[in-house]
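Structure file entry21.csv; described as CSV, C-alpha atoms and all ligand atoms.
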chain,number,residue,atom,x,y,z
A,16,MET,CA,-10.5,-80.6,48.2
A,17,TRP,CA,-8.4,-83.5,49.3
A,18,ALA,CA,-10.0,-85.8,46.7
A,19,VAL,CA,-9.2,-83.6,43.7
A,20,LYS,CA,-7.3,-85.7,41.2
A,21,ARG,CA,-4.1,-84.1,39.9
A,22,MET,CA,-4.4,-83.6,36.1
A,23,ALA,CA,-1.4,-83.9,33.9
A,24,SER,CA,0.0,-80.4,33.4
A,25,THR,CA,-0.7,-78.9,30.0
A,26,SER,CA,1.3,-75.7,30.2
A,27,ALA,CA,4.8,-74.6,31.2
A,28,SER,CA,6.4,-71.2,31.5
A,29,SER,CA,9.8,-69.7,31.4
A,30,ALA,CA,10.6,-66.0,31.9
A,31,ALA,CA,9.5,-64.9,28.4
A,32,LEU,CA,7.6,-67.9,27.0
A,33,THR,CA,4.5,-69.8,28.0
A,34,PHE,CA,3.7,-73.0,26.2
A,35,GLU,CA,0.1,-74.3,26.5
A,36,LEU,CA,-0.8,-77.6,25.0
A,37,VAL,CA,-4.3,-77.3,23.6
A,38,ALA,CA,-4.9,-80.7,22.0
A,39,LYS,CA,-3.1,-83.9,20.9
A,40,CYS,CA,-4.1,-86.0,17.9
A,41,SER,CA,-5.3,-89.4,19.2
A,42,THR,CA,-3.7,-91.3,16.2
A,43,THR,CA,-0.4,-89.4,15.3
A,44,ARG,CA,2.0,-87.4,17.4
A,45,ALA,CA,0.6,-84.1,16.1
A,46,ARG,CA,-0.2,-81.4,18.7
A,47,ALA,CA,-1.9,-78.0,18.8
A,48,SER,CA,-0.6,-75.4,21.2
A,49,VAL,CA,-0.3,-71.7,22.0
A,50,MET,CA,3.1,-70.2,22.5
A,51,THR,CA,3.0,-66.8,24.2
A,52,LEU,CA,6.0,-64.6,23.5
A,53,PRO,CA,6.8,-61.0,24.5
A,54,HIS,CA,5.0,-59.7,21.4
A,55,GLY,CA,1.9,-61.8,21.9
A,56,PRO,CA,0.5,-65.3,21.5
A,57,VAL,CA,1.1,-67.5,18.4
A,58,ASN,CA,-0.8,-70.6,17.5
A,59,LEU,CA,1.2,-73.8,16.8
A,60,PRO,CA,1.8,-75.6,14.5
A,61,MET,CA,2.9,-72.6,12.4
A,62,PHE,CA,5.0,-71.6,9.5
A,63,MET,CA,7.3,-68.6,9.9
A,64,PRO,CA,8.0,-66.5,6.7
A,65,VAL,CA,11.6,-65.3,6.3
A,66,ALA,CA,12.1,-61.5,6.3
A,67,THR,CA,15.8,-61.6,5.5
A,68,GLN,CA,16.9,-58.0,5.9
A,69,ALA,CA,14.1,-57.1,8.3
A,70,SER,CA,11.7,-57.0,5.4
A,71,LEU,CA,9.9,-59.7,3.6
A,72,LYS,CA,10.8,-59.2,-0.1
A,73,GLY,CA,7.6,-57.8,-1.7
A,74,LEU,CA,5.5,-57.2,1.4
A,75,THR,CA,5.1,-54.2,3.7
A,76,PRO,CA,4.8,-55.0,7.4
A,77,GLU,CA,1.0,-54.2,7.2
A,78,GLN,CA,0.6,-56.7,4.3
A,79,LEU,CA,2.5,-59.3,6.3
A,80,GLU,CA,0.3,-58.7,9.3
A,81,GLY,CA,-2.7,-59.1,6.9
A,82,THR,CA,-1.7,-62.6,6.1
A,83,GLY,CA,-2.2,-63.5,9.8
A,84,CYS,CA,1.6,-63.8,10.5
A,85,ARG,CA,2.5,-63.1,14.1
A,86,LEU,CA,6.0,-64.4,14.1
A,87,CYS,CA,8.5,-63.9,11.3
A,88,LEU,CA,12.2,-64.6,10.9
A,89,ASN,CA,15.0,-62.1,10.5
A,90,ASN,CA,18.6,-63.1,9.5
A,91,THR,CA,21.2,-62.0,12.1
A,92,TYR,CA,24.0,-62.2,9.5
A,93,HIS,CA,22.4,-59.7,7.2
A,94,LEU,CA,21.2,-57.3,10.0
A,95,GLY,CA,24.7,-57.5,11.6
A,96,LEU,CA,26.3,-56.4,8.4
A,97,LYS,CA,23.6,-53.8,7.6
A,98,PRO,CA,22.4,-51.7,9.3
A,99,GLY,CA,24.9,-53.1,11.9
A,100,GLN,CA,24.8,-53.3,15.7
A,101,GLU,CA,25.3,-49.6,16.3
A,102,VAL,CA,22.2,-48.6,14.3
A,103,LEU,CA,20.2,-51.4,15.9
A,104,ASP,CA,21.1,-50.2,19.3
A,105,ALA,CA,20.3,-46.6,18.4
A,106,VAL,CA,16.8,-47.4,17.0
A,107,GLY,CA,16.0,-49.9,19.8
A,108,GLY,CA,16.0,-53.2,17.9
A,109,ALA,CA,14.5,-54.8,14.8
A,110,HIS,CA,10.9,-54.4,15.9
A,111,LYS,CA,11.3,-50.7,15.7
A,112,LEU,CA,13.5,-50.7,12.7
A,113,GLN,CA,10.8,-52.5,10.6
A,114,GLY,CA,7.6,-51.2,12.3
A,115,TRP,CA,6.6,-54.7,13.3
A,116,ASN,CA,4.8,-55.0,16.6
A,117,HIS,CA,4.6,-58.8,16.5
A,118,ASN,CA,7.1,-61.5,17.2
A,119,ILE,CA,10.5,-62.0,15.6
A,120,LEU,CA,12.8,-65.0,15.6
A,121,THR,CA,16.4,-64.6,14.5
A,122,ASP,CA,18.9,-67.2,13.4
A,123,SER,CA,22.4,-67.2,14.8
A,124,GLY,CA,24.1,-66.1,11.6
A,125,GLY,CA,26.3,-69.2,11.5
A,126,PHE,CA,24.4,-71.1,8.9
A,127,GLN,CA,24.3,-68.2,6.6
A,128,MET,CA,27.9,-67.7,6.9
A,129,VAL,CA,28.8,-71.3,6.2
A,130,SER,CA,26.4,-71.6,3.3
A,131,LEU,CA,27.1,-68.2,1.7
A,132,LEU,CA,30.8,-67.8,2.3
A,133,LYS,CA,33.0,-70.4,0.8
A,134,LEU,CA,36.0,-69.3,2.8
A,135,ALA,CA,34.3,-69.7,6.2
A,136,THR,CA,36.2,-72.1,8.6
A,137,VAL,CA,34.9,-73.3,11.9
A,138,THR,CA,37.2,-73.6,15.0
A,139,GLU,CA,36.4,-74.0,18.7
A,140,GLU,CA,36.4,-70.2,19.0
A,141,GLY,CA,33.8,-69.6,16.3
A,142,VAL,CA,33.3,-69.2,12.6
A,143,ARG,CA,36.1,-67.4,10.8
A,144,PHE,CA,35.3,-65.6,7.5
A,145,LEU,CA,36.3,-62.8,5.2
A,146,SER,CA,34.0,-59.8,5.2
A,147,PRO,CA,32.0,-59.8,2.0
A,148,HIS,CA,32.3,-56.0,1.9
A,149,ASP,CA,36.1,-55.5,2.2
A,150,GLY,CA,37.7,-58.9,2.6
A,151,THR,CA,38.9,-58.3,6.2
A,152,PRO,CA,39.2,-61.4,8.4
A,153,MET,CA,36.3,-61.6,10.9
A,154,LEU,CA,35.2,-64.0,13.5
A,155,LEU,CA,31.6,-64.9,14.7
A,156,THR,CA,31.7,-66.4,18.1
A,157,PRO,CA,28.8,-67.7,20.2
A,158,GLU,CA,29.1,-64.5,22.3
A,159,HIS,CA,29.1,-62.2,19.3
A,160,SER,CA,26.0,-63.9,17.8
A,161,ILE,CA,24.1,-63.6,21.1
A,162,SER,CA,25.2,-59.9,21.5
A,163,LEU,CA,24.0,-59.1,18.0
A,164,GLN,CA,20.7,-60.9,18.7
A,165,ASN,CA,20.4,-59.0,22.0
A,166,SER,CA,20.7,-55.8,20.0
A,167,ILE,CA,18.1,-57.0,17.5
A,168,GLY,CA,15.8,-57.7,20.4
A,169,SER,CA,14.1,-60.7,18.7
A,170,ASP,CA,11.6,-62.7,20.8
A,171,ILE,CA,13.3,-65.9,20.0
A,172,ILE,CA,17.1,-66.1,19.5
A,173,MET,CA,19.0,-69.1,18.2
A,174,GLN,CA,22.2,-70.5,19.6
A,175,LEU,CA,25.3,-70.5,17.3
A,176,ASP,CA,25.8,-74.1,16.3
A,177,ASP,CA,28.4,-76.0,14.2
A,178,VAL,CA,26.3,-77.0,11.2
A,179,LEU,CA,27.4,-79.7,8.8
A,180,VAL,CA,25.5,-80.9,5.8
A,181,THR,CA,23.7,-84.1,7.0
A,182,THR,CA,25.1,-86.1,4.1
A,183,SER,CA,28.7,-85.5,5.2
A,184,PRO,CA,30.3,-89.0,5.4
A,185,ASP,CA,32.8,-87.8,8.0
A,186,LYS,CA,31.5,-89.3,11.3
A,187,VAL,CA,34.4,-87.9,13.3
A,188,ARG,CA,33.7,-84.4,12.1
A,189,MET,CA,30.0,-84.9,12.6
A,190,ARG,CA,30.6,-85.9,16.3
A,191,GLU,CA,32.9,-82.9,16.7
A,192,ALA,CA,30.2,-80.6,15.4
A,193,MET,CA,27.5,-82.1,17.6
A,194,GLU,CA,29.6,-81.9,20.8
A,195,ARG,CA,30.9,-78.4,19.9
A,196,SER,CA,27.3,-77.2,19.4
A,197,VAL,CA,26.6,-78.3,23.0
A,198,ARG,CA,29.6,-76.4,24.2
A,199,TRP,CA,28.6,-73.4,22.2
A,200,LEU,CA,25.1,-73.5,23.7
A,201,ASP,CA,26.7,-73.2,27.2
A,202,ARG,CA,28.7,-70.1,25.9
A,203,CYS,CA,25.5,-68.7,24.4
A,204,ILE,CA,23.6,-69.1,27.7
A,205,ALA,CA,26.4,-67.4,29.6
A,206,ALA,CA,26.5,-64.5,27.1
A,207,HIS,CA,22.7,-63.9,26.9
A,208,LYS,CA,21.9,-60.6,28.5
A,209,ASN,CA,18.1,-60.6,28.2
A,210,PRO,CA,16.7,-64.0,29.3
A,211,ASP,CA,13.7,-62.2,30.7
A,212,SER,CA,12.6,-60.8,27.4
A,213,GLN,CA,14.3,-63.0,24.7
A,214,ASN,CA,14.1,-66.8,24.5
A,215,LEU,CA,17.2,-68.7,23.6
A,216,PHE,CA,16.5,-71.9,21.7
A,217,CYS,CA,19.1,-74.7,21.5
A,218,ILE,CA,19.7,-76.6,18.2
A,219,ILE,CA,19.9,-80.4,18.1
A,220,GLN,CA,22.7,-81.6,15.7
A,221,GLY,CA,24.1,-85.0,14.9
A,222,GLY,CA,23.5,-85.5,11.2
A,223,LEU,CA,21.6,-88.6,10.1
A,224,ASP,CA,23.0,-90.7,13.0
A,225,LEU,CA,20.1,-91.4,15.3
A,226,ASP,CA,22.3,-92.4,18.2
A,227,MET,CA,24.2,-89.1,17.9
A,228,ARG,CA,20.9,-87.2,17.6
A,229,ARG,CA,19.7,-88.9,20.8
A,230,GLU,CA,22.8,-88.1,22.7
A,231,CYS,CA,22.6,-84.5,21.6
A,232,CYS,CA,18.9,-84.3,22.6
A,233,LYS,CA,19.8,-85.5,26.1
A,234,GLU,CA,22.6,-82.9,26.5
A,235,MET,CA,20.5,-80.0,25.1
A,236,VAL,CA,17.3,-80.9,27.0
A,237,ALA,CA,19.4,-80.9,30.2
A,238,ARG,CA,20.2,-77.2,29.6
A,239,ASP,CA,16.5,-76.4,29.8
A,240,THR,CA,16.1,-73.7,27.1
A,241,PRO,CA,12.6,-72.3,26.6
A,242,GLY,CA,12.4,-74.0,23.2
A,243,ILE,CA,14.2,-76.6,21.1
A,244,ALA,CA,15.2,-76.7,17.4
A,245,ILE,CA,16.1,-79.6,15.2
A,246,GLY,CA,18.9,-78.4,13.0
A,247,GLY,CA,21.1,-79.4,10.1
A,248,LEU,CA,18.3,-80.9,8.0
A,249,SER,CA,17.0,-79.9,4.6
A,250,GLY,CA,20.6,-80.2,3.3
A,251,GLY,CA,20.0,-82.7,0.5
A,252,GLU,CA,19.4,-85.8,2.6
A,253,ALA,CA,16.8,-88.3,1.5
A,254,LYS,CA,13.3,-87.6,2.8
A,255,ASP,CA,13.2,-90.9,4.5
A,256,ASP,CA,16.3,-89.9,6.5
A,257,PHE,CA,14.8,-86.5,7.3
A,258,CYS,CA,11.6,-88.1,8.7
A,259,ARG,CA,13.6,-90.6,10.8
A,260,VAL,CA,15.6,-87.8,12.4
A,261,VAL,CA,12.5,-85.6,13.0
A,262,GLY,CA,10.6,-88.5,14.4
A,263,ALA,CA,13.4,-89.8,16.7
A,264,CYS,CA,14.2,-86.3,18.1
A,265,ASN,CA,10.6,-85.4,18.7
A,266,GLN,CA,10.1,-88.5,20.8
A,267,LEU,CA,12.9,-87.5,23.1
A,268,LEU,CA,11.9,-83.8,23.5
A,269,PRO,CA,9.8,-82.5,26.5
A,270,GLU,CA,6.1,-82.3,25.7
A,271,LEU,CA,5.7,-78.8,27.1
A,272,LYS,CA,8.2,-77.0,24.9
A,273,PRO,CA,8.0,-75.8,21.3
A,274,ARG,CA,9.8,-77.9,18.7
A,275,TYR,CA,11.2,-76.1,15.7
A,276,VAL,CA,12.4,-77.9,12.6
A,277,MET,CA,14.6,-75.5,10.8
A,278,GLY,CA,14.7,-74.7,7.1
A,279,ILE,CA,11.7,-76.7,5.8
A,280,GLY,CA,8.8,-75.2,3.8
A,281,TYR,CA,7.4,-77.6,1.2
A,282,PRO,CA,3.8,-78.2,2.1
A,283,GLU,CA,4.2,-82.0,2.2
A,284,ASP,CA,7.2,-81.7,4.5
A,285,LEU,CA,5.2,-79.4,6.9
A,286,VAL,CA,2.2,-81.8,7.1
A,287,VAL,CA,4.3,-84.9,7.6
A,288,SER,CA,6.5,-83.1,10.2
A,289,VAL,CA,3.4,-82.0,12.1
A,290,ALA,CA,2.3,-85.6,12.2
A,291,LEU,CA,5.7,-86.5,13.6
A,292,GLY,CA,5.2,-84.0,16.5
A,293,ALA,CA,6.9,-80.8,15.3
A,294,ASP,CA,5.4,-77.3,15.9
A,295,MET,CA,7.4,-74.6,14.0
A,296,PHE,CA,9.0,-74.3,10.6
A,297,ASP,CA,10.7,-71.7,8.4
A,298,CYS,CA,11.9,-71.5,4.8
A,299,VAL,CA,12.7,-69.0,2.1
A,300,TRP,CA,11.2,-71.2,-0.6
A,301,PRO,CA,7.5,-70.0,-0.6
A,302,THR,CA,8.6,-66.3,-1.0
A,303,ARG,CA,11.5,-67.1,-3.4
A,304,THR,CA,9.4,-69.2,-5.7
A,305,ALA,CA,6.8,-66.4,-5.8
A,306,ARG,CA,9.4,-64.2,-7.4
A,307,PHE,CA,9.7,-66.8,-10.2
A,308,GLY,CA,6.0,-66.6,-10.9
A,309,ASN,CA,5.0,-69.7,-8.9
A,310,ALA,CA,1.8,-70.0,-6.9
A,311,ILE,CA,1.5,-72.7,-4.2
A,312,THR,CA,-2.0,-74.2,-4.2
A,313,LYS,CA,-3.9,-77.1,-2.7
A,314,ASP,CA,-3.6,-78.8,-6.1
A,315,GLY,CA,0.2,-78.2,-6.4
A,316,MET,CA,2.3,-75.5,-7.9
A,317,LEU,CA,1.1,-73.3,-10.8
A,318,ASN,CA,3.6,-71.4,-12.9
A,319,LEU,CA,1.6,-68.3,-13.8
A,320,LYS,CA,4.2,-67.4,-16.4
A,321,ARG,CA,2.8,-70.1,-18.6
A,322,GLU,CA,0.9,-69.0,-21.7
A,323,LYS,CA,-2.2,-70.9,-20.7
A,324,TYR,CA,-3.0,-68.4,-17.9
A,325,ALA,CA,-3.0,-65.4,-20.3
A,326,ALA,CA,-6.8,-65.4,-20.6
A,327,ASP,CA,-7.6,-67.2,-17.3
A,328,PHE,CA,-9.8,-64.8,-15.3
A,329,GLY,CA,-10.1,-66.9,-12.2
A,330,PRO,CA,-8.3,-66.0,-9.0
A,331,ILE,CA,-4.8,-67.4,-8.3
A,332,GLU,CA,-6.5,-70.1,-6.3
A,333,ASP,CA,-10.2,-70.7,-6.0
A,334,GLY,CA,-11.5,-70.5,-2.5
A,335,CYS,CA,-8.3,-69.0,-1.1
A,336,GLY,CA,-8.9,-66.3,1.6
A,337,CYS,CA,-5.8,-64.3,0.9
A,338,PRO,CA,-6.1,-60.5,0.1
A,339,CYS,CA,-5.3,-61.3,-3.6
A,340,CYS,CA,-7.8,-64.1,-4.2
A,341,ARG,CA,-10.8,-63.2,-2.2
A,342,PRO,CA,-13.7,-61.3,-3.9
A,343,ILE,CA,-13.4,-57.5,-3.6
A,344,ASP,CA,-17.1,-56.8,-2.9
A,345,GLU,CA,-20.2,-58.5,-1.5
A,346,GLU,CA,-21.5,-59.4,-5.0
A,347,GLY,CA,-18.4,-61.6,-5.3
A,348,SER,CA,-16.6,-59.5,-8.0
A,349,MET,CA,-13.2,-60.9,-8.6
A,350,GLY,CA,-10.1,-59.0,-7.6
A,351,ILE,CA,-6.8,-60.1,-8.9
A,352,THR,CA,-6.9,-62.6,-11.8
A,353,ARG,CA,-4.4,-65.2,-13.0
A,354,ALA,CA,-4.4,-63.3,-16.3
A,355,PHE,CA,-3.3,-60.1,-14.5
A,356,VAL,CA,-0.5,-62.0,-12.6
A,357,HIS,CA,0.6,-63.7,-15.9
A,358,HIS,CA,0.7,-60.3,-17.7
A,359,ASN,CA,3.0,-58.9,-15.0
A,360,ALA,CA,5.0,-62.0,-14.0
A,361,ALA,CA,8.8,-61.7,-14.5
A,362,LYS,CA,8.2,-58.1,-15.8
A,363,GLU,CA,6.7,-56.0,-13.1
A,364,THR,CA,7.4,-56.4,-9.3
A,365,VAL,CA,3.6,-56.3,-8.6
A,366,ALA,CA,3.3,-59.9,-9.7
A,367,ALA,CA,6.0,-61.0,-7.2
A,368,HIS,CA,4.2,-59.0,-4.5
A,369,LEU,CA,0.9,-60.6,-5.2
A,370,LEU,CA,2.3,-64.1,-5.4
A,371,THR,CA,4.3,-63.6,-2.2
A,372,MET,CA,1.2,-62.6,-0.4
A,373,HIS,CA,-0.7,-65.5,-1.7
A,374,ASN,CA,2.1,-68.0,-0.9
A,375,VAL,CA,2.6,-66.8,2.6
A,376,TRP,CA,-1.1,-66.9,3.2
A,377,TYR,CA,-1.2,-70.5,1.8
A,378,GLN,CA,1.5,-71.7,4.2
A,379,LEU,CA,0.0,-70.0,7.2
A,380,ASN,CA,-3.4,-71.3,6.3
A,381,LEU,CA,-2.2,-74.8,5.8
A,382,MET,CA,-0.9,-74.8,9.4
A,383,ARG,CA,-4.1,-73.2,10.6
A,384,GLU,CA,-6.2,-75.9,9.0
A,385,ALA,CA,-3.9,-78.6,10.4
A,386,ARG,CA,-4.3,-77.1,13.9
A,387,GLU,CA,-8.1,-77.0,13.6
A,388,ALA,CA,-8.0,-80.6,12.5
A,389,ILE,CA,-5.9,-81.6,15.5
A,390,ILE,CA,-8.2,-79.8,17.9
A,391,ALA,CA,-11.3,-81.5,16.3
A,392,ASP,CA,-9.3,-84.8,16.4
A,393,ARG,CA,-9.7,-85.4,12.6
A,394,PHE,CA,-6.1,-84.8,11.7
A,395,PRO,CA,-5.6,-88.2,9.9
A,396,ALA,CA,-8.5,-87.3,7.6
A,397,PHE,CA,-7.0,-83.9,7.0
A,398,VAL,CA,-3.7,-85.5,6.0
A,399,ARG,CA,-5.4,-87.9,3.6
A,400,GLU,CA,-7.4,-85.1,2.0
A,401,PHE,CA,-4.3,-83.0,1.7
A,402,PHE,CA,-2.3,-85.7,-0.1
A,403,GLY,CA,-5.3,-86.8,-2.1
A,404,ARG,CA,-5.6,-83.3,-3.7
A,405,LEU,CA,-1.9,-83.0,-4.3
A,406,TYR,CA,-1.7,-86.4,-6.0
A,407,PRO,CA,-5.0,-86.8,-7.7
A,408,ASP,CA,-6.1,-89.6,-10.1
A,409,GLY,CA,-4.2,-92.3,-8.3
A,410,GLN,CA,-0.8,-90.8,-9.1
A,411,GLY,CA,1.6,-92.4,-6.7
A,412,TYR,CA,2.2,-90.8,-3.3
A,413,PRO,CA,5.8,-90.2,-2.5
A,414,SER,CA,7.0,-93.4,-0.7
A,415,TRP,CA,8.8,-91.4,2.0
A,416,ALA,CA,5.5,-89.7,3.0
A,417,VAL,CA,3.6,-93.0,2.9
A,418,ASP,CA,6.2,-94.7,5.2
A,419,ALA,CA,6.6,-91.8,7.6
A,420,LEU,CA,2.8,-91.5,8.0
A,421,GLN,CA,2.4,-95.2,8.3
A,422,GLY,CA,4.8,-95.0,11.3
A,423,VAL,CA,2.4,-92.7,13.1
A,424,GLY,CA,-0.8,-94.6,12.2
A,425,ILE,CA,-2.0,-93.0,8.9
A,426,ASP,CA,-2.4,-95.3,5.9
A,427,LEU,CA,-2.4,-93.0,2.8
A,428,ASN,CA,-3.2,-95.9,0.5
A,429,SER,CA,-6.3,-97.1,2.4
B,1,ZN,ZN,-4.6,-66.4,-2.5
Can you give me the file's structure in the form of structure tokens?
Amino acid sequence: MWAVKRMASTSASSAALTFELVAKCSTTRARASVMTLPHGPVNLPMFMPVATQASLKGLTPEQLEGTGCRLCLNNTYHLGLKPGQEVLDAVGGAHKLQGWNHNILTDSGGFQMVSLLKLATVTEEGVRFLSPHDGTPMLLTPEHSISLQNSIGSDIIMQLDDVLVTTSPDKVRMREAMERSVRWLDRCIAAHKNPDSQNLFCIIQGGLDLDMRRECCKEMVARDTPGIAIGGLSGGEAKDDFCRVVGACNQLLPELKPRYVMGIGYPEDLVVSVALGADMFDCVWPTRTARFGNAITKDGMLNLKREKYAADFGPIEDGCGCPCCRPIDEEGSMGITRAFVHHNAAKETVAAHLLTMHNVWYQLNLMREAREAIIADRFPAFVREFFGRLYPDGQGYPSWAVDALQGVGIDLNS
């Protein structure tokens, strides 16, 4: 036994999270892994649909389960207002409230507050705002955010951070926000009552300044949280800047921890971010756009409200395995048609339900296919096929994607 060579470790555990690296792409920085949380394992890379008020608009928990989703996102800000902490404590948390036996991630509530409430102000103590219900002054502190998330009982909880739009030109304020986010992480760690059953993730800030991002990565990584998020992005910055930040942060983060890029959901953004080494994503866009009659497909977006779909009796997307698109019997009889969705779009909620199901499936399946490609070590081919379908007939690829992928060894134009 003395001669056994030590293999590089491929898994790491904390009290409520095990991260197992399954495969690494031999060209890009993409990875496939399994993250095991208190409510079961989830395969990474993955997309997390957003169930704002403990429900995903238009889907029952069973239907969400049917899309293959095993980790969805709830908003602390909304749950804290309604049903409120007392009800959450009484029912025993958000899993019980929504009849969802799989994993939940909650945000801290801070981003919602700053983005939804114009009168929110940030001080060292926390985020001050006026109650949207009765206008009384309120304060969300790191301690309060963690206490709410402890009552929600989510499998992953997020630190309260000081979020600025990345395009803010105020470097002094950006540095203050980054350093404050580190101090707030310390307060969150101290306030967290359930480290054995809930995983607190830190959030890297620092805007578009790579030095500030690197400094923040160093501080945050030293605090050894079970997972790490890259925050503040998707706030109107150029896509090139977005890719630079995601790429730079991922290179500094520990290999055996999940990396979550917050707030992104366009299929191209997901695929490029996976190539840059990210594992987890969330966004309201796929479900929101469904309510406007839009289907996400491998060939781009279809607006089913358009007249040309009135007599289109094909499925929403050919070959899609979602419950709306797949044939309803062994003879291959079609179920839901584009014509049916068109007929109901923007009139009856059923169209929004069907497109929500399809879009969530699309996003989850995109990440499943990326994962299979990484495991089979054919991820670069997968990326080229994906972009080839989205931009057919030699239409120009977006230059930000070409450049970002070139940086990790994929030439889209070859
Ligand atoms: Zn479908």
Kindly provide, as a tab-separated table (two decimals) with C-alpha atoms, in the frame of the given file, all nucleotide and amino acid residues lying within 9 Å of ligand ZN 1 (chain B), counting all atoms listed in the file.
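New file selection-v6.tsv:
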chain	number	residue	atom	x	y	z
A	310	ALA	CA	1.80	-70.00	-6.90
A	311	ILE	CA	1.50	-72.70	-4.20
A	312	THR	CA	-2.00	-74.20	-4.20
A	330	PRO	CA	-8.30	-66.00	-9.00
A	331	ILE	CA	-4.80	-67.40	-8.30
A	332	GLU	CA	-6.50	-70.10	-6.30
A	333	ASP	CA	-10.20	-70.70	-6.00
A	334	GLY	CA	-11.50	-70.50	-2.50
A	335	CYS	CA	-8.30	-69.00	-1.10
A	336	GLY	CA	-8.90	-66.30	1.60
A	337	CYS	CA	-5.80	-64.30	0.90
A	338	PRO	CA	-6.10	-60.50	0.10
A	339	CYS	CA	-5.30	-61.30	-3.60
A	340	CYS	CA	-7.80	-64.10	-4.20
A	341	ARG	CA	-10.80	-63.20	-2.20
A	369	LEU	CA	0.90	-60.60	-5.20
A	370	LEU	CA	2.30	-64.10	-5.40
A	372	MET	CA	1.20	-62.60	-0.40
A	373	HIS	CA	-0.70	-65.50	-1.70
A	374	ASN	CA	2.10	-68.00	-0.90
A	375	VAL	CA	2.60	-66.80	2.60
A	376	TRP	CA	-1.10	-66.90	3.20
A	377	TYR	CA	-1.20	-70.50	1.80
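Between Ala45 of chain A and the candidates A:Leu225, A:Ile425, A:Cys217, A:Ala135, the tightest atom-to-atom separation, counting all atoms listed in the file, involves A:Ile425.
Atom CA of Gln100 of chain A is positioned 12.0 Å from atom CA of Leu112 of chain A.
When the distance limit is 10 Å and all atoms listed in the file are what count, the residues near segment 209-212 of chain A, minus those fewer than 4 positions from it on the same chain, are Ser29, Ala30, Ala31, Leu32, Leu52, Pro53, His54, Ile161, Ser162, Gln164, Asn165, Ser166, Gly168, Ser169, Asp170, Ile171, Ile204, Thr240 and Pro241 of chain A.
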In Å, rounded to a single decimal, give me how far atom CA of Ala416 of chain A is from atom CA of Arg404 of chain A. 14.5 Å
Pull the neighbourhood of (11.9, -79.7, 14.9) for me: all residues within 12 Å in file coordinates, counting all atoms listed in the file, as a ChimeraX atom specification. /A:60-62,216-220,232,242-249,257-268,272-279,284-285,287-297
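Residues in contact with Thr42 of chain A at 12 Å, where all atoms listed in the file are counted and same-chain residues fewer than 2 positions away are skipped, are listed as Lys39, Cys40, Arg44, Ala45, Arg46, Ala290, Leu291, Gly292, Ile389, Asp392, Arg393, Phe394, Pro395, Ala396, Val398, Leu420, Gln421, Gly422, Val423, Gly424, Ile425 and Asp426 of chain A.
Nearest residue to Leu427 of chain A among A:Leu120, A:Ser414, A:Glu234, A:Ala388 is A:Ser414, counting all atoms listed in the file.
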Do you know which residues are at most 10 Å from segment 142-150 of chain A counting all atoms listed in the file, after dropping those on the same chain fewer than 3 positions away, and could you put them as a ChimeraX atom specification? /A:96,124-126,128-129,131-139,153-157,175-177
Would you mind telling me which residue in A:Val236, A:Arg321, A:Val49, A:Asp224 lies nearest to Asp185 of chain A when using only C-alpha atoms? A:Asp224
Leaving out Thr33 of chain A and any residue of its chain fewer than 5 positions from it, which residues lie within 8 Å of it when counting only C-alpha atoms, given as a PyMOL selection string? chain A and resi 26-28+49-52
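Between Val180 of chain A and the residues A:Phe401, A:Gly251, A:Val286, A:Asp104, the shortest atom-to-atom distance, using only C-alpha atoms, involves A:Gly251.
Nearest to Pro269 of chain A of all the residues A:Lys233, A:Arg195, A:Lys323, A:Lys254 is A:Lys233, counting only C-alpha atoms.
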May I have the residues within 12 Å of Lys362 of chain A as an MDAnalysis selection string, using only C-alpha atoms and disregarding those fewer than 4 positions away in the same chain? chainID A and resid 306:308 320 355:358 366:367
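In this structure, atom CA of Leu179 of chain A sits 11.8 Å away from atom CA of Glu252 of chain A.
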